[in-house]
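Structure file entry-v3.tsv (TSV, C-alpha atoms and all ligand atoms) follows.
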```
chain	number	residue	atom	x	y	z
Q	1	MET	CA	-11.76	63.43	21.56
Q	2	ILE	CA	-11.23	64.57	17.98
Q	3	GLU	CA	-13.28	67.44	16.58
Q	4	VAL	CA	-13.22	68.22	12.87
Q	5	ARG	CA	-15.07	71.43	12.04
Q	6	GLY	CA	-15.73	72.77	8.55
Q	7	LEU	CA	-12.50	71.23	7.32
Q	8	THR	CA	-11.54	71.97	3.73
Q	9	ARG	CA	-8.29	71.00	2.01
Q	10	ARG	CA	-7.55	71.89	-1.60
Q	11	TYR	CA	-4.58	70.75	-3.63
Q	12	GLY	CA	-4.65	73.07	-6.63
Q	13	ASP	CA	-7.81	72.09	-8.50
Q	14	VAL	CA	-8.45	69.02	-6.34
Q	15	LEU	CA	-10.87	69.49	-3.47
Q	16	ALA	CA	-9.65	66.61	-1.27
Q	17	VAL	CA	-11.77	67.52	1.78
Q	18	ASP	CA	-14.86	69.68	1.51
Q	19	GLU	CA	-16.43	71.39	4.56
Q	20	LEU	CA	-16.15	68.24	6.64
Q	21	SER	CA	-17.39	68.18	10.26
Q	22	PHE	CA	-17.56	65.26	12.67
Q	23	THR	CA	-16.62	64.33	16.23
Q	24	VAL	CA	-14.79	61.20	17.38
Q	25	GLU	CA	-15.67	60.32	20.95
Q	26	PRO	CA	-13.67	58.55	23.64
Q	27	GLY	CA	-14.47	54.99	24.67
Q	28	LYS	CA	-15.54	53.99	21.16
Q	29	VAL	CA	-14.02	52.67	17.99
Q	30	THR	CA	-15.01	54.97	15.15
Q	31	GLY	CA	-14.63	53.71	11.59
Q	32	PHE	CA	-13.73	56.37	9.01
Q	33	LEU	CA	-15.05	54.96	5.76
Q	34	GLY	CA	-14.90	56.03	2.15
Q	35	PRO	CA	-13.63	54.77	-1.20
Q	36	ASN	CA	-10.07	55.43	-2.38
Q	37	GLY	CA	-9.54	59.13	-2.85
Q	38	ALA	CA	-12.47	60.12	-0.60
Q	39	GLY	CA	-10.21	62.27	1.59
Q	40	LYS	CA	-9.65	60.03	4.63
Q	41	SER	CA	-5.85	60.20	4.67
Q	42	THR	CA	-5.89	63.94	4.07
Q	43	THR	CA	-8.25	64.44	7.02
Q	44	MET	CA	-6.10	62.24	9.26
Q	45	ARG	CA	-2.96	64.07	8.20
Q	46	VAL	CA	-4.54	67.39	9.15
Q	47	VAL	CA	-5.63	65.97	12.53
Q	48	LEU	CA	-2.02	64.86	13.06
Q	49	GLY	CA	-0.54	68.22	12.11
Q	50	LEU	CA	1.12	66.79	9.00
Q	51	ASP	CA	-0.89	68.92	6.63
Q	52	ARG	CA	-2.56	72.32	6.90
Q	53	PRO	CA	-6.24	72.92	6.32
Q	54	THR	CA	-7.21	75.35	3.56
Q	55	SER	CA	-9.96	76.34	6.01
Q	56	GLY	CA	-11.64	74.91	9.08
Q	57	THR	CA	-10.10	73.18	12.07
Q	58	ALA	CA	-9.19	69.76	13.43
Q	59	LEU	CA	-8.69	69.58	17.19
Q	60	VAL	CA	-7.40	66.82	19.44
Q	61	ASN	CA	-8.62	67.17	23.02
Q	62	GLY	CA	-9.57	70.73	22.22
Q	63	ARG	CA	-6.20	71.82	20.82
Q	64	ARG	CA	-4.40	71.80	17.50
Q	65	TYR	CA	-1.76	69.09	17.20
Q	66	ALA	CA	0.98	71.69	16.82
Q	67	ALA	CA	0.11	73.10	20.26
Q	68	PHE	CA	1.23	69.94	22.09
Q	69	ALA	CA	4.68	70.00	23.65
Q	70	GLU	CA	4.73	66.18	23.82
Q	71	PRO	CA	2.36	65.06	21.07
Q	72	LEU	CA	3.08	61.31	21.37
Q	73	ARG	CA	1.58	61.43	24.86
Q	74	GLU	CA	-1.64	62.89	23.45
Q	75	VAL	CA	-2.15	61.12	20.16
Q	76	GLY	CA	-0.65	58.01	18.59
Q	77	ALA	CA	-0.79	57.43	14.85
Q	78	LEU	CA	-0.35	54.61	12.38
Q	79	LEU	CA	-0.04	56.15	8.94
Q	80	ASP	CA	2.45	54.29	6.81
Q	81	PRO	CA	3.88	51.13	8.40
Q	82	GLY	CA	6.54	51.07	5.65
Q	83	ALA	CA	8.03	54.39	6.78
Q	84	VAL	CA	10.61	52.97	9.20
Q	85	HIS	CA	14.35	52.52	8.99
Q	86	PRO	CA	14.70	48.96	7.58
Q	87	GLY	CA	18.16	48.41	9.08
Q	88	ARG	CA	17.00	48.95	12.67
Q	89	THR	CA	15.50	46.28	14.86
Q	90	GLY	CA	11.93	46.77	16.04
Q	91	ARG	CA	13.15	47.37	19.57
Q	92	GLY	CA	15.76	49.85	18.31
Q	93	HIS	CA	13.09	51.76	16.41
Q	94	LEU	CA	10.91	51.98	19.52
Q	95	ARG	CA	13.85	53.11	21.66
Q	96	VAL	CA	14.59	55.95	19.23
Q	97	ALA	CA	10.92	57.00	19.31
Q	98	ALA	CA	10.86	56.87	23.13
Q	99	ARG	CA	14.09	58.83	23.52
Q	100	ALA	CA	13.03	61.51	21.04
Q	101	ASN	CA	9.84	62.09	23.03
Q	102	GLY	CA	11.14	61.90	26.58
Q	103	ILE	CA	9.34	58.63	27.22
Q	104	PRO	CA	10.87	56.19	29.74
Q	105	ARG	CA	12.64	53.18	28.25
Q	106	ARG	CA	10.49	50.65	30.12
Q	107	ARG	CA	7.60	51.67	27.86
Q	108	VAL	CA	9.48	50.00	24.99
Q	109	GLU	CA	9.18	46.58	26.64
Q	110	GLU	CA	5.57	47.24	27.63
Q	111	VAL	CA	4.44	48.04	24.09
Q	112	ILE	CA	6.43	45.14	22.59
Q	113	GLU	CA	4.51	42.91	24.98
Q	114	ARG	CA	1.19	44.56	24.24
Q	115	VAL	CA	1.37	44.13	20.47
Q	116	GLY	CA	2.84	40.62	20.71
Q	117	LEU	CA	6.01	41.47	18.80
Q	118	GLY	CA	8.01	39.24	21.16
Q	119	ARG	CA	11.35	37.95	19.94
Q	120	ALA	CA	10.79	39.49	16.51
Q	121	SER	CA	11.55	42.84	18.17
Q	122	ARG	CA	15.24	41.84	18.13
Q	123	ARG	CA	15.24	41.25	14.38
Q	124	ARG	CA	15.83	43.84	11.67
Q	125	ILE	CA	12.70	45.50	10.32
Q	126	LYS	CA	13.63	44.71	6.70
Q	127	GLY	CA	12.79	41.04	7.39
Q	128	TYR	CA	9.34	41.83	8.85
Q	129	SER	CA	6.10	40.64	7.30
Q	130	LEU	CA	3.31	43.18	6.76
Q	131	GLY	CA	1.62	41.92	9.92
Q	132	MET	CA	4.79	42.47	11.97
Q	133	ARG	CA	5.28	45.93	10.52
Q	134	GLN	CA	1.70	46.71	11.45
Q	135	ARG	CA	2.32	45.54	15.04
Q	136	LEU	CA	5.46	47.63	15.21
Q	137	GLY	CA	3.59	50.68	13.87
Q	138	ILE	CA	0.92	50.21	16.52
Q	139	ALA	CA	3.55	49.75	19.23
Q	140	THR	CA	5.03	53.08	18.13
Q	141	ALA	CA	1.60	54.71	18.31
Q	142	LEU	CA	1.09	53.38	21.84
Q	143	ILE	CA	4.49	54.26	23.23
Q	144	GLY	CA	3.43	57.55	24.82
Q	145	ASP	CA	0.26	55.92	26.27
Q	146	PRO	CA	-1.91	58.46	24.43
Q	147	GLY	CA	-5.65	58.84	24.92
Q	148	VAL	CA	-6.29	59.34	21.20
Q	149	LEU	CA	-5.34	56.90	18.44
Q	150	VAL	CA	-5.55	57.46	14.69
Q	151	PHE	CA	-4.89	54.44	12.50
Q	152	ASP	CA	-4.97	54.73	8.70
Q	153	GLU	CA	-6.09	51.43	7.11
Q	154	PRO	CA	-4.80	49.26	9.98
Q	155	ILE	CA	-6.64	46.15	8.75
Q	156	ASN	CA	-5.77	46.39	5.06
Q	157	GLY	CA	-3.64	43.48	3.86
Q	158	LEU	CA	-3.56	41.49	7.10
Q	159	ASP	CA	-4.20	37.75	7.21
Q	160	LEU	CA	-7.10	36.35	9.21
Q	161	ASP	CA	-5.09	36.01	12.43
Q	162	GLY	CA	-3.82	39.55	12.06
Q	163	VAL	CA	-7.34	40.86	11.47
Q	164	ARG	CA	-8.66	39.07	14.57
Q	165	TRP	CA	-5.80	40.34	16.66
Q	166	ILE	CA	-6.20	43.94	15.59
Q	167	ARG	CA	-9.96	43.91	16.14
Q	168	GLY	CA	-9.40	42.63	19.67
Q	169	LEU	CA	-6.78	45.29	20.35
Q	170	LEU	CA	-8.96	48.13	19.01
Q	171	ARG	CA	-11.80	46.99	21.25
Q	172	GLN	CA	-9.49	46.91	24.31
Q	173	LEU	CA	-8.13	50.36	23.54
Q	174	ALA	CA	-11.64	51.80	23.32
Q	175	ASP	CA	-12.71	49.95	26.48
Q	176	GLU	CA	-9.81	51.63	28.26
Q	177	GLY	CA	-11.57	54.91	27.45
Q	178	ARG	CA	-9.38	55.94	24.52
Q	179	THR	CA	-10.60	57.69	21.39
Q	180	VAL	CA	-9.96	55.31	18.48
Q	181	LEU	CA	-10.33	56.37	14.83
Q	182	ILE	CA	-9.57	53.82	12.09
Q	183	SER	CA	-9.92	54.37	8.38
Q	184	SER	CA	-10.87	51.82	5.77
Q	185	HIS	CA	-12.21	51.78	2.25
Q	186	LEU	CA	-14.11	48.53	2.93
Q	187	LEU	CA	-17.25	48.36	5.03
Q	188	GLY	CA	-16.64	44.65	5.72
Q	189	GLU	CA	-13.34	45.45	7.43
Q	190	VAL	CA	-14.78	47.75	10.06
Q	191	GLU	CA	-18.46	46.87	10.51
Q	192	GLN	CA	-17.62	44.25	13.17
Q	193	VAL	CA	-15.35	46.39	15.28
Q	194	ALA	CA	-16.58	49.98	14.87
Q	195	ASP	CA	-19.23	51.33	17.24
Q	196	ARG	CA	-19.78	54.36	15.03
Q	197	LEU	CA	-19.11	55.08	11.38
Q	198	VAL	CA	-18.22	58.35	9.73
Q	199	VAL	CA	-18.73	57.80	6.00
Q	200	ILE	CA	-17.30	60.25	3.46
Q	201	GLY	CA	-17.28	60.46	-0.32
Q	202	ARG	CA	-15.49	63.04	-2.47
Q	203	GLY	CA	-14.38	64.84	0.65
Q	204	ARG	CA	-17.90	65.34	2.00
Q	205	LEU	CA	-19.76	63.79	4.89
Q	206	ILE	CA	-22.30	61.17	3.82
Q	207	ALA	CA	-23.23	59.59	7.15
Q	208	ASP	CA	-22.24	59.84	10.81
Q	209	ALA	CA	-24.12	57.49	13.11
Q	210	THR	CA	-23.88	54.20	14.99
Q	211	THR	CA	-22.74	51.25	12.89
Q	212	GLU	CA	-26.05	49.53	13.65
Q	213	ARG	CA	-28.07	52.44	12.37
Q	214	ILE	CA	-26.04	52.78	9.18
Q	215	MET	CA	-26.10	49.06	8.48
Q	216	SER	CA	-29.87	48.92	8.88
Q	217	GLY	CA	-30.24	51.78	6.39
Q	218	LEU	CA	-28.10	50.03	3.81
Q	219	GLY	CA	-28.98	47.00	1.73
Q	220	HIS	CA	-31.83	47.44	-0.60
Q	221	VAL	CA	-34.57	44.76	-0.39
Q	222	GLN	CA	-36.53	43.63	-3.44
Q	223	VAL	CA	-39.19	40.96	-3.70
Q	224	ARG	CA	-38.93	38.40	-6.50
Q	225	VAL	CA	-42.27	36.89	-7.45
Q	226	ARG	CA	-43.36	34.38	-10.13
Q	227	SER	CA	-46.89	33.76	-11.24
Q	228	PRO	CA	-48.71	32.50	-14.34
Q	229	ARG	CA	-50.94	35.60	-13.90
Q	230	SER	CA	-48.13	38.07	-13.34
Q	231	ASP	CA	-49.86	40.77	-15.43
Q	232	VAL	CA	-52.76	40.96	-12.95
Q	233	LEU	CA	-50.32	41.12	-10.05
Q	234	LEU	CA	-48.22	43.76	-11.85
Q	235	THR	CA	-51.26	46.02	-12.30
Q	236	GLY	CA	-52.37	45.48	-8.69
Q	237	LEU	CA	-48.93	46.27	-7.32
Q	238	ARG	CA	-48.52	49.43	-9.39
Q	239	GLU	CA	-51.98	50.63	-8.35
Q	240	ARG	CA	-50.80	50.39	-4.74
Q	241	GLY	CA	-47.69	52.43	-5.44
Q	242	PHE	CA	-45.04	49.70	-5.66
Q	243	GLU	CA	-42.31	50.03	-8.24
Q	244	VAL	CA	-42.32	46.89	-10.31
Q	245	GLU	CA	-39.89	45.65	-12.93
Q	246	ARG	CA	-40.83	42.80	-15.24
Q	247	VAL	CA	-38.01	40.25	-15.51
Q	248	ASP	CA	-39.77	37.95	-18.02
Q	249	ALA	CA	-43.31	36.80	-18.86
Q	250	GLY	CA	-43.88	35.27	-15.42
Q	251	GLU	CA	-41.42	37.00	-13.10
Q	252	LEU	CA	-41.53	40.41	-11.40
Q	253	LEU	CA	-39.13	42.32	-9.14
Q	254	VAL	CA	-40.90	44.55	-6.64
Q	255	ASP	CA	-39.32	47.53	-4.87
Q	256	GLY	CA	-40.48	49.09	-1.65
Q	257	GLY	CA	-42.31	46.17	-0.04
Q	258	ALA	CA	-41.84	42.99	1.96
Q	259	ALA	CA	-42.61	39.46	0.74
Q	260	GLU	CA	-45.65	39.24	3.07
Q	261	GLU	CA	-47.24	42.31	1.50
Q	262	VAL	CA	-46.79	40.99	-2.03
Q	263	GLY	CA	-48.07	37.56	-0.94
Q	264	ALA	CA	-51.12	39.09	0.74
Q	265	LEU	CA	-51.95	41.14	-2.33
Q	266	ALA	CA	-51.61	38.07	-4.59
Q	267	HIS	CA	-53.98	36.23	-2.28
Q	268	ALA	CA	-56.50	39.10	-2.33
Q	269	LEU	CA	-56.37	39.20	-6.14
Q	270	ASP	CA	-56.66	35.43	-6.33
Q	271	VAL	CA	-53.38	35.20	-8.21
Q	272	PRO	CA	-51.50	31.90	-7.75
Q	273	LEU	CA	-47.78	32.17	-6.95
Q	274	GLN	CA	-44.97	29.83	-8.04
Q	275	HIS	CA	-42.21	31.71	-6.26
Q	276	LEU	CA	-41.93	34.46	-3.63
Q	277	SER	CA	-38.65	35.60	-2.02
Q	278	GLU	CA	-36.78	38.65	-0.74
Q	279	VAL	CA	-33.52	39.58	-2.42
Q	280	ARG	CA	-31.16	41.80	-0.40
Q	281	GLN	CA	-28.43	43.73	-2.17
Q	282	SER	CA	-25.08	43.00	-0.53
Q	283	LEU	CA	-24.13	45.59	2.08
Q	284	GLU	CA	-20.78	46.17	0.41
Q	285	ASP	CA	-22.55	46.94	-2.89
Q	286	ALA	CA	-24.97	49.25	-1.09
Q	287	TYR	CA	-22.09	51.04	0.59
Q	288	LEU	CA	-20.24	51.47	-2.71
Q	289	GLU	CA	-23.37	52.87	-4.29
Q	290	LEU	CA	-23.81	55.21	-1.34
Q	291	THR	CA	-20.28	56.54	-1.50
Q	292	SER	CA	-20.01	56.77	-5.26
Q	293	GLY	CA	-22.59	59.55	-5.13
Q	294	SER	CA	-24.47	57.96	-8.02
Q	295	VAL	CA	-27.67	57.60	-6.03
Q	296	GLU	CA	-29.24	59.62	-3.25
Q	297	TYR	CA	-29.49	56.58	-1.12
Q	298	GLN	CA	-31.98	56.88	1.73
Q	299	GLY	CA	-30.35	60.20	2.38
Q	300	HIS	CA	-32.49	61.08	5.38
Q	301	GLU	CA	-32.04	57.76	7.13
Q	302	LEU	CA	-28.30	57.96	6.78
Q	303	ALA	CA	-27.82	61.60	7.54
Q	304	THR	CA	-25.92	62.76	10.59
Q	305	GLU	CA	-27.47	61.57	13.79
Q	306	GLY	CA	-28.29	64.41	16.12
Q	307	ALA	CA	-28.51	62.50	19.40
Q	308	ARG	CA	-25.55	60.36	20.30
L	1	LIG	N1	-0.35	66.00	-1.59
L	1	LIG	C1	-1.34	65.95	-2.49
L	1	LIG	N2	-1.28	66.66	-3.65
L	1	LIG	C2	-2.27	66.62	-4.55
L	1	LIG	N3	-3.40	65.89	-4.41
L	1	LIG	C3	-3.53	65.17	-3.30
L	1	LIG	C4	-2.52	65.15	-2.27
L	1	LIG	N4	-2.93	64.34	-1.27
L	1	LIG	C5	-4.14	63.88	-1.65
L	1	LIG	N5	-4.51	64.37	-2.85
L	1	LIG	C6	-5.77	64.10	-3.55
L	1	LIG	O1	-6.82	64.35	-2.65
L	1	LIG	C7	-7.86	63.38	-2.80
L	1	LIG	C8	-8.10	62.67	-1.47
L	1	LIG	O2	-6.99	61.82	-1.19
L	1	LIG	P1	-6.81	61.00	0.16
L	1	LIG	O3	-5.52	60.25	0.06
L	1	LIG	O4	-7.05	61.86	1.32
L	1	LIG	O5	-8.02	59.96	0.06
L	1	LIG	P2	-8.25	58.62	0.86
L	1	LIG	O6	-9.70	58.58	1.17
L	1	LIG	O7	-7.31	58.51	1.98
L	1	LIG	O8	-7.93	57.52	-0.20
L	1	LIG	P3	-7.02	56.22	-0.09
L	1	LIG	O9	-7.91	55.19	0.53
L	1	LIG	O10	-6.72	55.94	-1.53
L	1	LIG	O11	-5.82	56.59	0.72
L	1	LIG	C9	-7.43	62.47	-3.92
L	1	LIG	O12	-8.02	62.95	-5.11
L	1	LIG	C10	-5.93	62.65	-3.94
L	1	LIG	O13	-5.43	62.40	-5.23
```
So that I can check it, write out the structure of this file as structure tokens.
Ligand SMILES: Nc1ncnc2c1ncn2[C@@H]1O[C@H](COP(=O)(O)OP(=O)(O)OP(=O)(O)O)[C@@H](O)[C@H]1O
Amino acid sequence: MIEVRGLTRRYGDVLAVDELSFTVEPGKVTGFLGPNGAGKSTTMRVVLGLDRPTSGTALVNGRRYAAFAEPLREVGALLDPGAVHPGRTGRGHLRVAARANGIPRRRVEEVIERVGLGRASRRRIKGYSLGMRQRLGIATALIGDPGVLVFDEPINGLDLDGVRWIRGLLRQLADEGRTVLISSHLLGEVEQVADRLVVIGRGRLIADATTERIMSGLGHVQVRVRSPRSDVLLTGLRERGFEVERVDAGELLVDGGAAEEVGALAHALDVPLQHLSEVRQSLEDAYLELTSGSVEYQGHELATEGAR
């Protein structure tokens, strides 16, 4: 389990993380979402003991990272897959990591197998593709068989095969009862694999709930309607509290209702319709709007879920 409580991190004038609190539970994949600069990496670095909080705490299994005598056995991290010695082979890199942490050498072969690095593990890292570097980074994270995993942007930049593979692996790791936290700046990357989402913007918590709940709160629906008597319909809709925008002489865009309601009202007013449809804003657009802070987007619906 990871518990972030009232975490604040300032860099001079920049408030990178602002009073952030959330919990990452075992047995689930939790997506940590927010646009570039939202504070995800900073939060993860504090969790991993690589940065100090200005105030607040970040605990792994109830303790600060620095308190662990053998941290790789508690928490595995993928932060920067480029930060490896390019002249070493993948296997050599894993052996160094194992030796430095008192981990038996057989684990090296086990993790090579698990991430599907195979024969590539005998080649020098400088010749690795991004996907292979990512697999090596994950193998390194898994070497101590930790119960908690923290992966910063593990899906970013992978090809379709790589994305499928990593989603499958994340699911397995959670099903084994591990705590899995993955960051991303794209909703589309994590919506399929994450059970829960913690969404942040400008260092602050925006939403913390199941993926299903957050997805159903996103995506703004409008009704597009065309009628030769659109002025009558416009008046009728406004009288009933709908927000209506006139697109042109015959076409209206209606907020806050479903197509059936608009159709039923048109029928009641004896207004003929030439077109009636629902238009849903793309989820990615809705998410960007939510995180940009430009709109208070269904704030209550998306607020932190009490019951888990
Ligand atoms: N060492 C640092 N010194 C100064 N400012 C920093 C430092 N690290 C991060 N920041 C700033 O803190 C803010 C949050 O950055 P952070 O990297 O945590 O965001 P992020 O959500 O991980 O974004 P990205 O997806 O781009 O990695 C940004 O404004 C960033 O410029």
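All residues of protein, DNA or RNA that reach within 10 Å of Gln172 (chain Q), judged by all atoms listed in the file and not counting those fewer than 6 positions away in the chain, are Gly27, Lys28, Val29, Ile166 and Arg178 of chain Q.
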Using only C-alpha atoms and all ligand atoms, the residue out of Q:Arg119, Q:His85, Q:Arg202, Q:Arg52 with shortest distance to ligand LIG 1 (chain L) is Q:Arg202
Which residues are close to Leu136 (chain Q), i.e. within 8 Å by only C-alpha atoms, leaving aside same-chain residues fewer than 4 positions away? Reply as a short mmCIF file (atom, residue, chain, number, x, y, z; two decimals) with C-alpha atoms, in the frame of the given file.
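To be explicit, this is the file written out as part_26.cif:
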```cif
data_model
loop_
_atom_site.label_atom_id
_atom_site.label_comp_id
_atom_site.auth_asym_id
_atom_site.auth_seq_id
_atom_site.Cartn_x
_atom_site.Cartn_y
_atom_site.Cartn_z
CA PRO Q 81 3.88 51.13 8.40
CA GLY Q 90 11.93 46.77 16.04
CA ILE Q 112 6.43 45.14 22.59
CA VAL Q 115 1.37 44.13 20.47
CA LEU Q 117 6.01 41.47 18.80
CA MET Q 132 4.79 42.47 11.97
CA THR Q 140 5.03 53.08 18.13
#
```
Would you pick out the contacts of region 53-55 of chain Q at 12 Å or less, using all atoms listed in the file, so that residues sharing its chain but fewer than 2 positions from it are not included, and give the list as an MDAnalysis selection string?
chainID Q and resid 4:12 14:21 42:51 57:59 64
All residues within 6 Å of ligand LIG 1 (chain L) are required, counting all atoms listed in the file; please report them as a PyMOL selection string.
chain Q and resi 11+16+34-42+185
Output file request: region 197-284 of chain Q, with C-alpha atoms, as a PDB file, in the first residue's frame.
```pdb
ATOM      1  CA  LEU Q 197      -7.644   6.607 -11.180  1.00  0.00           C
ATOM      2  CA  VAL Q 198      -6.023   9.338  -9.159  1.00  0.00           C
ATOM      3  CA  VAL Q 199      -6.242  12.483 -11.286  1.00  0.00           C
ATOM      4  CA  ILE Q 200      -4.158  15.553 -10.447  1.00  0.00           C
ATOM      5  CA  GLY Q 201      -3.712  18.983 -11.987  1.00  0.00           C
ATOM      6  CA  ARG Q 202      -1.289  21.699 -10.892  1.00  0.00           C
ATOM      7  CA  GLY Q 203      -0.198  19.538  -7.998  1.00  0.00           C
ATOM      8  CA  ARG Q 204      -3.690  19.166  -6.552  1.00  0.00           C
ATOM      9  CA  LEU Q 205      -6.084  16.247  -6.386  1.00  0.00           C
ATOM     10  CA  ILE Q 206      -8.924  16.483  -8.907  1.00  0.00           C
ATOM     11  CA  ALA Q 207     -10.448  13.009  -8.671  1.00  0.00           C
ATOM     12  CA  ASP Q 208      -9.809   9.722  -6.892  1.00  0.00           C
ATOM     13  CA  ALA Q 209     -12.299   6.976  -7.707  1.00  0.00           C
ATOM     14  CA  THR Q 210     -12.828   3.846  -9.778  1.00  0.00           C
ATOM     15  CA  THR Q 211     -12.029   4.221 -13.466  1.00  0.00           C
ATOM     16  CA  GLU Q 212     -15.651   3.366 -14.266  1.00  0.00           C
ATOM     17  CA  ARG Q 213     -16.978   6.110 -12.057  1.00  0.00           C
ATOM     18  CA  ILE Q 214     -14.608   8.733 -13.439  1.00  0.00           C
ATOM     19  CA  MET Q 215     -15.258   7.735 -17.040  1.00  0.00           C
ATOM     20  CA  SER Q 216     -19.008   7.968 -16.552  1.00  0.00           C
ATOM     21  CA  GLY Q 217     -18.613  11.472 -15.125  1.00  0.00           C
ATOM     22  CA  LEU Q 218     -16.571  12.632 -18.094  1.00  0.00           C
ATOM     23  CA  GLY Q 219     -17.760  13.302 -21.613  1.00  0.00           C
ATOM     24  CA  HIS Q 220     -20.238  16.029 -21.966  1.00  0.00           C
ATOM     25  CA  VAL Q 221     -23.410  15.147 -23.935  1.00  0.00           C
ATOM     26  CA  GLN Q 222     -25.228  17.689 -26.095  1.00  0.00           C
ATOM     27  CA  VAL Q 223     -28.279  17.205 -28.279  1.00  0.00           C
ATOM     28  CA  ARG Q 224     -28.195  18.518 -31.840  1.00  0.00           C
ATOM     29  CA  VAL Q 225     -31.629  19.269 -33.232  1.00  0.00           C
ATOM     30  CA  ARG Q 226     -32.869  20.727 -36.544  1.00  0.00           C
ATOM     31  CA  SER Q 227     -36.322  22.043 -37.203  1.00  0.00           C
ATOM     32  CA  PRO Q 228     -38.013  24.545 -39.532  1.00  0.00           C
ATOM     33  CA  ARG Q 229     -39.699  25.886 -36.337  1.00  0.00           C
ATOM     34  CA  SER Q 230     -36.565  25.986 -34.218  1.00  0.00           C
ATOM     35  CA  ASP Q 231     -37.565  29.306 -32.600  1.00  0.00           C
ATOM     36  CA  VAL Q 232     -40.627  27.688 -30.971  1.00  0.00           C
ATOM     37  CA  LEU Q 233     -38.502  24.781 -29.782  1.00  0.00           C
ATOM     38  CA  LEU Q 234     -35.798  27.159 -28.506  1.00  0.00           C
ATOM     39  CA  THR Q 235     -38.324  29.059 -26.376  1.00  0.00           C
ATOM     40  CA  GLY Q 236     -39.877  25.821 -25.078  1.00  0.00           C
ATOM     41  CA  LEU Q 237     -36.499  24.369 -24.141  1.00  0.00           C
ATOM     42  CA  ARG Q 238     -35.331  27.510 -22.348  1.00  0.00           C
ATOM     43  CA  GLU Q 239     -38.613  27.701 -20.420  1.00  0.00           C
ATOM     44  CA  ARG Q 240     -37.867  24.209 -19.119  1.00  0.00           C
ATOM     45  CA  GLY Q 241     -34.386  25.188 -17.987  1.00  0.00           C
ATOM     46  CA  PHE Q 242     -32.252  23.739 -20.799  1.00  0.00           C
ATOM     47  CA  GLU Q 243     -29.260  25.696 -21.994  1.00  0.00           C
ATOM     48  CA  VAL Q 244     -29.620  26.157 -25.708  1.00  0.00           C
ATOM     49  CA  GLU Q 245     -27.199  27.522 -28.267  1.00  0.00           C
ATOM     50  CA  ARG Q 246     -28.389  28.488 -31.732  1.00  0.00           C
ATOM     51  CA  VAL Q 247     -26.049  27.129 -34.428  1.00  0.00           C
ATOM     52  CA  ASP Q 248     -27.927  28.644 -37.402  1.00  0.00           C
ATOM     53  CA  ALA Q 249     -31.506  29.495 -38.402  1.00  0.00           C
ATOM     54  CA  GLY Q 250     -32.692  25.888 -38.117  1.00  0.00           C
ATOM     55  CA  GLU Q 251     -30.209  24.170 -35.809  1.00  0.00           C
ATOM     56  CA  LEU Q 252     -29.886  24.167 -32.009  1.00  0.00           C
ATOM     57  CA  LEU Q 253     -27.422  22.593 -29.567  1.00  0.00           C
ATOM     58  CA  VAL Q 254     -29.012  21.656 -26.253  1.00  0.00           C
ATOM     59  CA  ASP Q 255     -27.122  21.125 -22.993  1.00  0.00           C
ATOM     60  CA  GLY Q 256     -28.308  19.148 -20.018  1.00  0.00           C
ATOM     61  CA  GLY Q 257     -30.776  16.773 -21.653  1.00  0.00           C
ATOM     62  CA  ALA Q 258     -31.078  13.538 -23.604  1.00  0.00           C
ATOM     63  CA  ALA Q 259     -32.335  13.207 -27.182  1.00  0.00           C
ATOM     64  CA  GLU Q 260     -35.588  11.574 -25.975  1.00  0.00           C
ATOM     65  CA  GLU Q 261     -36.446  14.566 -23.804  1.00  0.00           C
ATOM     66  CA  VAL Q 262     -35.875  17.027 -26.634  1.00  0.00           C
ATOM     67  CA  GLY Q 263     -37.846  14.787 -29.019  1.00  0.00           C
ATOM     68  CA  ALA Q 264     -40.731  14.490 -26.555  1.00  0.00           C
ATOM     69  CA  LEU Q 265     -40.871  18.243 -26.059  1.00  0.00           C
ATOM     70  CA  ALA Q 266     -40.854  18.842 -29.832  1.00  0.00           C
ATOM     71  CA  HIS Q 267     -43.733  16.408 -30.136  1.00  0.00           C
ATOM     72  CA  ALA Q 268     -45.688  18.126 -27.348  1.00  0.00           C
ATOM     73  CA  LEU Q 269     -45.162  21.519 -29.008  1.00  0.00           C
ATOM     74  CA  ASP Q 270     -46.096  20.093 -32.393  1.00  0.00           C
ATOM     75  CA  VAL Q 271     -42.731  21.097 -33.820  1.00  0.00           C
ATOM     76  CA  PRO Q 272     -41.522  18.928 -36.738  1.00  0.00           C
ATOM     77  CA  LEU Q 273     -37.913  17.708 -36.552  1.00  0.00           C
ATOM     78  CA  GLN Q 274     -35.466  17.176 -39.429  1.00  0.00           C
ATOM     79  CA  HIS Q 275     -32.610  15.948 -37.261  1.00  0.00           C
ATOM     80  CA  LEU Q 276     -32.112  14.773 -33.675  1.00  0.00           C
ATOM     81  CA  SER Q 277     -28.867  13.289 -32.302  1.00  0.00           C
ATOM     82  CA  GLU Q 278     -26.625  13.176 -29.230  1.00  0.00           C
ATOM     83  CA  VAL Q 279     -23.093  14.506 -29.541  1.00  0.00           C
ATOM     84  CA  ARG Q 280     -20.596  13.284 -26.927  1.00  0.00           C
ATOM     85  CA  GLN Q 281     -17.404  15.224 -26.340  1.00  0.00           C
ATOM     86  CA  SER Q 282     -14.425  12.888 -26.609  1.00  0.00           C
ATOM     87  CA  LEU Q 283     -13.295  11.548 -23.248  1.00  0.00           C
ATOM     88  CA  GLU Q 284      -9.743  12.710 -23.875  1.00  0.00           C
TER      89      GLU Q 284
END
```
